[in-house]
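Below is one structure, written out as structure tokens; the observations come after it.
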Amino acid sequence: MIRRVAAGVVILAAVAGVAHASRRIEAAGAARSEGAQVLYLPSGRYLKAASLGFPELMADLVYIWSIQYYGHYEAGDRFRYLEHIYGSVISELDPRYVDPYLIGSMIMSMEANDPEMALRLLDKGIAANPKEWILAFEAGFVCFHTLHDHARAAGYFQKAIDVPGSPAVIRRMHAEMYNKMGDRRTSLRHWQEVMELGENAYVRDTASAHIHDLAIEIDLEDLRAAIAAFREHAGAFPPDLDALVRAGLMARVPRDPEGLSYAYDPVTGEPSSRSRYRLYRRSGA
């Protein structure tokens, strides 16, 4: 975590300025809020100018202090200046310092319960470190796990995938986001890419299972749409699935990935798969 150990003596003069400000706050009176001391922490630009040419070391010092500060759970208002510390101080001192973006966003999302603040910090980190896939991945995970915003998650996962050397598992998460959005055709296309690029038998088998189930769900979606159009025109459900072809609503009746025909109940107008789902999904889930 500590990347720089040299030049510590040189930067003590800059740290002394911060310490002096802290002592002034201590003298301001016991009525102030405990978190208010952070408000007096200078901006990153000021500290960078005061760092005597060692902004990275100053960023280290503030980062270490911040971890200690946010471990002080008795301070009820300790999150008030959270974005100031990580988004304005540390990131301006050293925009390429990746750890504070990750730790800061974790505190913002998991402890302060403010995922949008976390995403603002991660966006800043992504802009300053476009070759660090972990930042976009973390943003995607916040969108997926905390916000349940699968569209935003997919966008962040795509950014992570675009970084050379990013882990293959991100492609699988990216593909599944579209399924959760209900866009099964796009999900199928991405799972097919995962299948083609599969680095081992386990990944290929997992992709194959997703492709199998998605193909069934897409076929059933198409059949239901054609059945609904038939009923709207004829006033009744089709007597069989071949009637959809005769009515010009489908070019052909599809077969499932295992080559079996789809079952159909003309009373309810509901098609179903004769083959079992490999991932134990149910159509429409």
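Just remember, in the structure tokens the first chain shown is A, the second B, etc., residues are 1-based per chain, and ligands are 1-based in the order shown.
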Requested in this report: Name the residues in contact with segment 225-238 of chain A at a cut-off of 8 Å, using only C-alpha atoms, excluding same-chain residues fewer than 2 positions from it; report them as a ChimeraX atom specification.
Outcome: /A:221-223,240-241,243-244,247,249-250,266-269
Writing out the chosen residues with C-alpha atoms as a short mmCIF file (atom, residue, chain, number, x, y, z; two decimals), in the first residue's frame:
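Written output follows (part-v5.cif):
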data_model
loop_
_atom_site.label_atom_id
_atom_site.label_comp_id
_atom_site.auth_asym_id
_atom_site.auth_seq_id
_atom_site.Cartn_x
_atom_site.Cartn_y
_atom_site.Cartn_z
CA GLU A 221 -40.74 -15.18 -26.75
CA ASP A 222 -41.08 -15.34 -30.55
CA LEU A 223 -43.80 -17.98 -30.35
CA ASP A 240 -51.43 -25.60 -33.45
CA LEU A 241 -48.06 -23.95 -33.95
CA ALA A 243 -50.98 -22.39 -38.03
CA LEU A 244 -48.56 -19.54 -37.29
CA ALA A 247 -50.87 -17.34 -41.33
CA LEU A 249 -46.61 -14.93 -38.83
CA MET A 250 -43.50 -17.10 -38.73
CA PRO A 266 -54.29 -24.48 -27.69
CA VAL A 267 -56.62 -23.83 -24.74
CA THR A 268 -54.27 -21.43 -22.94
CA GLY A 269 -52.23 -20.44 -25.98
#
Query - Residue contacts of Asp183 of chain A (12 Å, only C-alpha atoms) excluding same-chain residues fewer than 4 positions away, as JSON, numbers by chain - result: {"A": [150, 151, 154, 175, 176, 177, 178, 179, 187, 188, 189, 190, 214, 217, 218, 221, 284]}
Could the residues in this selection be saved with C-alpha atoms as a compact mmCIF listing (two decimals), in the first residue's frame?
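Written output follows (result-v3.txt):
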# COMPACT_ATOMS: atom_id res chain seq x y z
CA HIS A 150 -28.02 -3.72 -14.86
CA ALA A 151 -27.77 -1.31 -17.79
CA ALA A 154 -23.12 -3.53 -18.37
CA ALA A 175 -23.21 -11.08 -20.82
CA GLU A 176 -25.52 -11.86 -17.92
CA MET A 177 -26.40 -8.19 -17.35
CA TYR A 178 -28.31 -8.15 -20.65
CA ASN A 179 -30.25 -11.23 -19.64
CA SER A 187 -27.09 -11.65 -23.88
CA LEU A 188 -26.99 -14.66 -26.21
CA ARG A 189 -24.59 -12.88 -28.55
CA HIS A 190 -22.21 -12.06 -25.70
CA LEU A 214 -31.33 -18.37 -23.77
CA GLU A 217 -36.34 -18.40 -23.99
CA ILE A 218 -35.89 -16.46 -27.23
CA GLU A 221 -40.74 -15.18 -26.75
CA GLY A 284 -40.02 -15.32 -18.30
**Report entry** Residue contacts of segment 260-264 of chain A (10 Å, only C-alpha atoms) excluding same-chain residues fewer than 4 positions away, as a ChimeraX atom specification
**Finding:** /A:216,219-220,223,238-241,253-256,268-275
Query - Separation of atom CA of Leu102 of chain A from atom CA of Asp162 of chain A in Å - result: 19.3 Å
Query raised in the report: as a PyMOL selection string, which residues of segment 43-166 of chain A does DSSP assign to alpha helix (DSSP H)?
Result: chain A and resi 44-50+55-70+82-83+91-93+98-106+115-128+133-141+150-161
Requested in this report: From a DSSP calculation on the backbone, collect every residue of segment 41-284 of chain A in strand (DSSP E) and output the set as a PyMOL selection string.
Outcome: chain A and resi 263-265+270-272
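Residues surrounding Phe144 of chain A within 12 Å are Pro115, Phe137, Glu138, Ala139, Gly140, Phe141, Val142, Thr146, Leu147, His148, Asp149, His150, Ala151, Arg152, Ala153, Ala154, Gly155, Tyr156, Phe157, Met173, His174, Glu176, Met177, Tyr178, Lys180 and Met181 of chain A [only C-alpha atoms; sequence separation below 2 positions excluded].
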Report task. Compare A:Pro164, A:Gly87, A:Gly259, A:Pro130 by their minimum atom-to-atom distance to Ala59 of chain A, counting only C-alpha atoms, and give me the closest one. Result ->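 When distances to Ala59 of chain A are compared using only C-alpha atoms, the smallest one comes from A:Gly87.
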Requested in this report: Rank nothing, just name the residue among A:Lys131, A:Arg185, A:Arg80, A:His72 nearest to Val98 of chain A, using only C-alpha atoms.
Outcome: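 Of A:Lys131, A:Arg185, A:Arg80, A:His72, the one nearest Val98 of chain A is A:Lys131, counting only C-alpha atoms.
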Query raised in the report: Leaving out Met108 of chain A and any residue of its chain fewer than 5 positions from it, which residues lie within 9 Å of it when counting only C-alpha atoms, given as a ChimeraX atom specification?
Result: /A:79,82-83,103,113-118
Query raised in the report: Could you name the residues that touch Asp123 of chain A at 9 Å or less, counting only C-alpha atoms, but leaving out those on the same chain fewer than 4 positions away, as JSON, numbers by chain?
Result: {"A": [118, 119, 127, 128, 135, 136, 139]}
Generate a file of the selected residues that holds N, CA and C atoms, formatted as a short mmCIF file (atom, residue, chain, number, x, y, z; two decimals), in the first residue's frame.
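That gives us out_3.cif:
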data_model
loop_
_atom_site.label_atom_id
_atom_site.label_comp_id
_atom_site.auth_asym_id
_atom_site.auth_seq_id
_atom_site.Cartn_x
_atom_site.Cartn_y
_atom_site.Cartn_z
N ALA A 118 -19.89 6.89 -4.54
CA ALA A 118 -18.84 5.93 -4.90
C ALA A 118 -18.59 5.93 -6.40
N LEU A 119 -19.66 6.01 -7.18
CA LEU A 119 -19.51 6.00 -8.63
C LEU A 119 -18.85 7.28 -9.13
N ALA A 127 -11.19 7.91 -15.39
CA ALA A 127 -10.71 8.93 -16.31
C ALA A 127 -9.20 9.14 -16.17
N ALA A 128 -8.69 9.05 -14.94
CA ALA A 128 -7.26 9.28 -14.72
C ALA A 128 -6.43 8.03 -14.95
N LEU A 135 -10.99 -0.52 -11.74
CA LEU A 135 -11.85 0.60 -11.37
C LEU A 135 -13.21 0.50 -12.06
N ALA A 136 -13.19 0.21 -13.36
CA ALA A 136 -14.46 0.05 -14.08
C ALA A 136 -15.21 -1.18 -13.59
N ALA A 139 -16.92 -0.28 -10.34
CA ALA A 139 -18.10 0.55 -10.61
C ALA A 139 -19.26 -0.31 -11.11
#
Query - Distance in Å - atom CA of Tyr81 of chain A versus atom CA of Tyr69 of chain A - result: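 Pair atom CA of Tyr81 of chain A / atom CA of Tyr69 of chain A returns 11.4 Å.
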